[in-house]
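Below is one structure; the comments refer to it alone.
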Amino acid sequence: MIAALDIPTIRGRVQERAMLGPTSWFRVGGAAEFLIRPADEADLAALFRELAYEMPVTVIGAASNLIIRDGGVAGAVVKLARGFNEISVEPDGIVAGAAALDVTVAEHAAAASLSGLEFLSGIPGTIGGAVAMNAGAYGGDISQVLQWAEIVTRSGESMRLNIHDLGLSYRHSNLPPGAIVTRAKFSAVPGDARAIAARMAQIKASGEATQPVRARTGGSTFANPPDMKAWELIDAAGCRGLMRGRAQVSELHCNFLLNLGDASAADLEGLGEEVRARVQKASGVSLHWEIKRIGIPA
Ligand SMILES: Cc1cc2nc3c(=O)[nH]c(=O)nc-3n(C[C@H](O)[C@H](O)[C@H](O)COP(=O)(O)OP(=O)(O)OC[C@H]3O[C@@H](n4cnc5c(N)ncnc54)[C@H](O)[C@@H]3O)c2cc1C
């Protein structure tokens, strides 16, 4: 446990023992020892300059790709607040704060008749999470559209990285350890407003038909192994609908785990490990978690 006195004064909000579960997509997880919501980029940089280096720091976005463990998260959990929501339209793209939702960025691009960012409307996270995860859907991903991302390093330095500095690969970036993305610029090109709107409607309909988008879930649980689909391996291993406690492998899309109501993080993580073991046994393939698991078990 870290003394409250070790948290420097910031303009944003600091809460002790703040429950994280209610705001995560899975609705599971314990408390953050400290939940810190810096007001803006200067506030975040000042926080990092003053925060004891031994203090563990975890950043979360919309928590749409996270299992937060039942014992909570030690140290500081940083969640970017409203000061990181700004979106501006430029002739060749969109600049968005890291707390802006991907869908809102897609909507701003559409309203300005800019094409190329429609895929973001299918990803229910924030821009910070999208850059960190190189999120992608429907044939697009962040690596195809990102121009630059601004970050604050763990030592409190603000810098702009261009796409080549970020080493984006399948659902992965090489952000410096502990760095937080604060803003990013995405390329987009003038397009036909009706075609853009139609593409976004198609993405919405397809997501609703193929994914449990209204459930307590965390998106794709495992990364697709090269030239294979994780869901096919999971299905072939007989895991569709598999349950542990109140956690279930989705019947609709078996690379999604569901919290059926009052599952614990341990139920979800244990179910995921059981799926990995069954897939390994059935096919010899070792699946890797795409969902990030943070915190400590209860
Ligand atoms: C129904 C559903 C459908 C989904 N469909 C897709 C899909 O089609 N494609 C896809 O790629 N993903 C999909 N996901 C997963 C998820 O939405 C994405 O991974 C998303 O980019 C995560 O963003 P987030 O803000 O929620 O990040 P979080 O889940 O909060 O965090 C994910 C990771 O990003 C890091 N992170 C978050 N913010 C920052 C920041 N500002 N700076 C640095 N690191 C940061 C976190 O530390 C963590 O490691 C889906 C999820 C759900 C629930």
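For the structure tokens, the naming scheme is as follows: chains receive sequential letters (A, B, ...) according to their order of presentation, residues are indexed from 1 within each chain, and ligands are indexed from 1 in presentation order.
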
Requested in this report: Excluding range 121-135 of chain A and any residue of its chain fewer than 6 positions from it, enumerate the residues within 7 Å of it, using only C-alpha atoms, and give them as a PyMOL selection string.
Outcome: chain A and resi 61-62+64+98-103+106+141-143+168-173+181-182+200+203-204+207

Take the residues from that selection and write them out as an mmCIF file, in the first residue's frame, keeping N, CA, C and O atoms.
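Contents of selection39.cif, freshly written:
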```cif
data_model
loop_
_atom_site.group_PDB
_atom_site.id
_atom_site.type_symbol
_atom_site.label_atom_id
_atom_site.label_comp_id
_atom_site.auth_asym_id
_atom_site.auth_seq_id
_atom_site.Cartn_x
_atom_site.Cartn_y
_atom_site.Cartn_z
ATOM 1 N N GLY A 61 -8.219 3.106 -20.794
ATOM 2 C CA GLY A 61 -9.074 3.948 -21.633
ATOM 3 C C GLY A 61 -10.526 3.647 -21.289
ATOM 4 O O GLY A 61 -10.969 3.844 -20.150
ATOM 5 N N ALA A 62 -11.264 3.095 -22.254
ATOM 6 C CA ALA A 62 -12.659 2.721 -21.998
ATOM 7 C C ALA A 62 -12.747 1.334 -21.356
ATOM 8 O O ALA A 62 -13.844 0.840 -21.116
ATOM 9 N N SER A 64 -12.302 -1.524 -22.643
ATOM 10 C CA SER A 64 -13.067 -2.431 -23.511
ATOM 11 C C SER A 64 -12.226 -3.619 -23.954
ATOM 12 O O SER A 64 -12.705 -4.482 -24.677
ATOM 13 N N ALA A 98 -6.635 11.662 -26.750
ATOM 14 C CA ALA A 98 -6.588 10.217 -26.513
ATOM 15 C C ALA A 98 -7.804 9.687 -25.766
ATOM 16 O O ALA A 98 -8.047 8.488 -25.764
ATOM 17 N N ALA A 99 -8.568 10.575 -25.112
ATOM 18 C CA ALA A 99 -9.765 10.098 -24.413
ATOM 19 C C ALA A 99 -10.997 10.104 -25.312
ATOM 20 O O ALA A 99 -12.058 9.614 -24.923
ATOM 21 N N ALA A 100 -10.867 10.655 -26.512
ATOM 22 C CA ALA A 100 -12.016 10.658 -27.439
ATOM 23 C C ALA A 100 -12.346 9.221 -27.826
ATOM 24 O O ALA A 100 -11.447 8.384 -27.974
ATOM 25 N N LEU A 101 -13.629 8.945 -27.958
ATOM 26 C CA LEU A 101 -14.020 7.596 -28.381
ATOM 27 C C LEU A 101 -13.777 7.432 -29.878
ATOM 28 O O LEU A 101 -14.020 8.368 -30.664
ATOM 29 N N ASP A 102 -13.363 6.233 -30.267
ATOM 30 C CA ASP A 102 -13.099 5.951 -31.676
ATOM 31 C C ASP A 102 -14.325 6.287 -32.536
ATOM 32 O O ASP A 102 -14.210 6.864 -33.612
ATOM 33 N N VAL A 103 -15.508 5.914 -32.028
ATOM 34 C CA VAL A 103 -16.725 6.136 -32.817
ATOM 35 C C VAL A 103 -16.980 7.627 -33.018
ATOM 36 O O VAL A 103 -17.435 8.061 -34.094
ATOM 37 N N ALA A 106 -14.771 8.791 -35.780
ATOM 38 C CA ALA A 106 -15.337 8.374 -37.073
ATOM 39 C C ALA A 106 -16.493 9.289 -37.465
ATOM 40 O O ALA A 106 -16.640 9.676 -38.635
ATOM 41 N N ASP A 141 -6.861 -0.615 -40.025
ATOM 42 C CA ASP A 141 -6.305 -0.557 -38.668
ATOM 43 C C ASP A 141 -5.525 0.737 -38.490
ATOM 44 O O ASP A 141 -5.310 1.489 -39.444
ATOM 45 N N ILE A 142 -5.147 0.993 -37.254
ATOM 46 C CA ILE A 142 -4.503 2.269 -36.920
ATOM 47 C C ILE A 142 -3.222 2.464 -37.736
ATOM 48 O O ILE A 142 -2.915 3.581 -38.167
ATOM 49 N N SER A 143 -2.483 1.388 -37.978
ATOM 50 C CA SER A 143 -1.204 1.528 -38.687
ATOM 51 C C SER A 143 -1.405 2.062 -40.105
ATOM 52 O O SER A 143 -0.480 2.612 -40.692
ATOM 53 N N LEU A 168 4.143 -0.313 -35.012
ATOM 54 C CA LEU A 168 2.810 -0.931 -34.953
ATOM 55 C C LEU A 168 2.798 -2.252 -35.714
ATOM 56 O O LEU A 168 3.262 -2.332 -36.853
ATOM 57 N N SER A 169 2.286 -3.278 -35.065
ATOM 58 C CA SER A 169 2.072 -4.559 -35.740
ATOM 59 C C SER A 169 0.733 -5.084 -35.245
ATOM 60 O O SER A 169 0.041 -4.382 -34.495
ATOM 61 N N TYR A 170 0.377 -6.296 -35.622
ATOM 62 C CA TYR A 170 -0.958 -6.819 -35.308
ATOM 63 C C TYR A 170 -1.287 -6.678 -33.816
ATOM 64 O O TYR A 170 -0.663 -7.316 -32.972
ATOM 65 N N ARG A 171 -2.215 -5.800 -33.511
ATOM 66 C CA ARG A 171 -2.710 -5.532 -32.143
ATOM 67 C C ARG A 171 -1.575 -5.230 -31.156
ATOM 68 O O ARG A 171 -1.622 -5.622 -29.984
ATOM 69 N N HIS A 172 -0.566 -4.517 -31.662
ATOM 70 C CA HIS A 172 0.594 -4.254 -30.810
ATOM 71 C C HIS A 172 1.268 -2.949 -31.219
ATOM 72 O O HIS A 172 1.313 -2.613 -32.396
ATOM 73 N N SER A 173 1.784 -2.214 -30.208
ATOM 74 C CA SER A 173 2.644 -1.058 -30.490
ATOM 75 C C SER A 173 3.857 -1.160 -29.588
ATOM 76 O O SER A 173 3.817 -1.822 -28.557
ATOM 77 N N VAL A 181 -0.327 7.828 -24.348
ATOM 78 C CA VAL A 181 -0.691 8.564 -25.564
ATOM 79 C C VAL A 181 -1.667 9.658 -25.160
ATOM 80 O O VAL A 181 -2.627 9.398 -24.418
ATOM 81 N N THR A 182 -1.441 10.881 -25.642
ATOM 82 C CA THR A 182 -2.323 11.988 -25.274
ATOM 83 C C THR A 182 -3.124 12.539 -26.463
ATOM 84 O O THR A 182 -4.206 13.110 -26.278
ATOM 85 N N MET A 200 -20.448 3.183 -42.662
ATOM 86 C CA MET A 200 -20.560 3.127 -41.198
ATOM 87 C C MET A 200 -21.809 2.348 -40.770
ATOM 88 O O MET A 200 -21.772 1.594 -39.796
ATOM 89 N N ILE A 203 -20.974 -1.286 -41.135
ATOM 90 C CA ILE A 203 -20.100 -1.752 -40.039
ATOM 91 C C ILE A 203 -20.931 -1.992 -38.784
ATOM 92 O O ILE A 203 -20.777 -2.997 -38.088
ATOM 93 N N LYS A 204 -21.852 -1.070 -38.503
ATOM 94 C CA LYS A 204 -22.703 -1.200 -37.306
ATOM 95 C C LYS A 204 -23.553 -2.470 -37.403
ATOM 96 O O LYS A 204 -23.615 -3.274 -36.473
ATOM 97 N N GLY A 207 -21.388 -5.616 -37.037
ATOM 98 C CA GLY A 207 -20.976 -5.826 -35.631
ATOM 99 C C GLY A 207 -22.121 -6.405 -34.818
ATOM 100 O O GLY A 207 -21.935 -7.367 -34.065
#
```

Query - Selection: 7 Å around Val78 in chain A, only C-alpha atoms, excl. self and same-chain fewer than 6 positions, as a list in words - result: Leu35, Ile36, Arg37, Thr58, Val59 and Ile60 of chain A

Query raised in the report: Pick from A:Leu44, A:Val285, A:Ala215, A:Met228: nearest to ligand 1, with only C-alpha atoms and all ligand atoms counted?
Result: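 Result for the nearest residue to ligand 1: A:Ala215.
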
Query raised in the report: Between A:Lys229, A:His253, A:His288, A:His164, which one has atoms that come closest to ligand 1, using only C-alpha atoms and all ligand atoms?
Result: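 Looking at the shortest contact to ligand 1, the residue is A:His253.
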
Report task. Using DSSP on the backbone, list every residue of range 43-287 of chain A that comes out as helix (DSSP H, G or I), and give them as an NGL selection string. Result -> :A and (43-50 or 82-84 or 102-111 or 118-122 or 127-133 or 142-145 or 163-166 or 193-210 or 230-236 or 265-283)
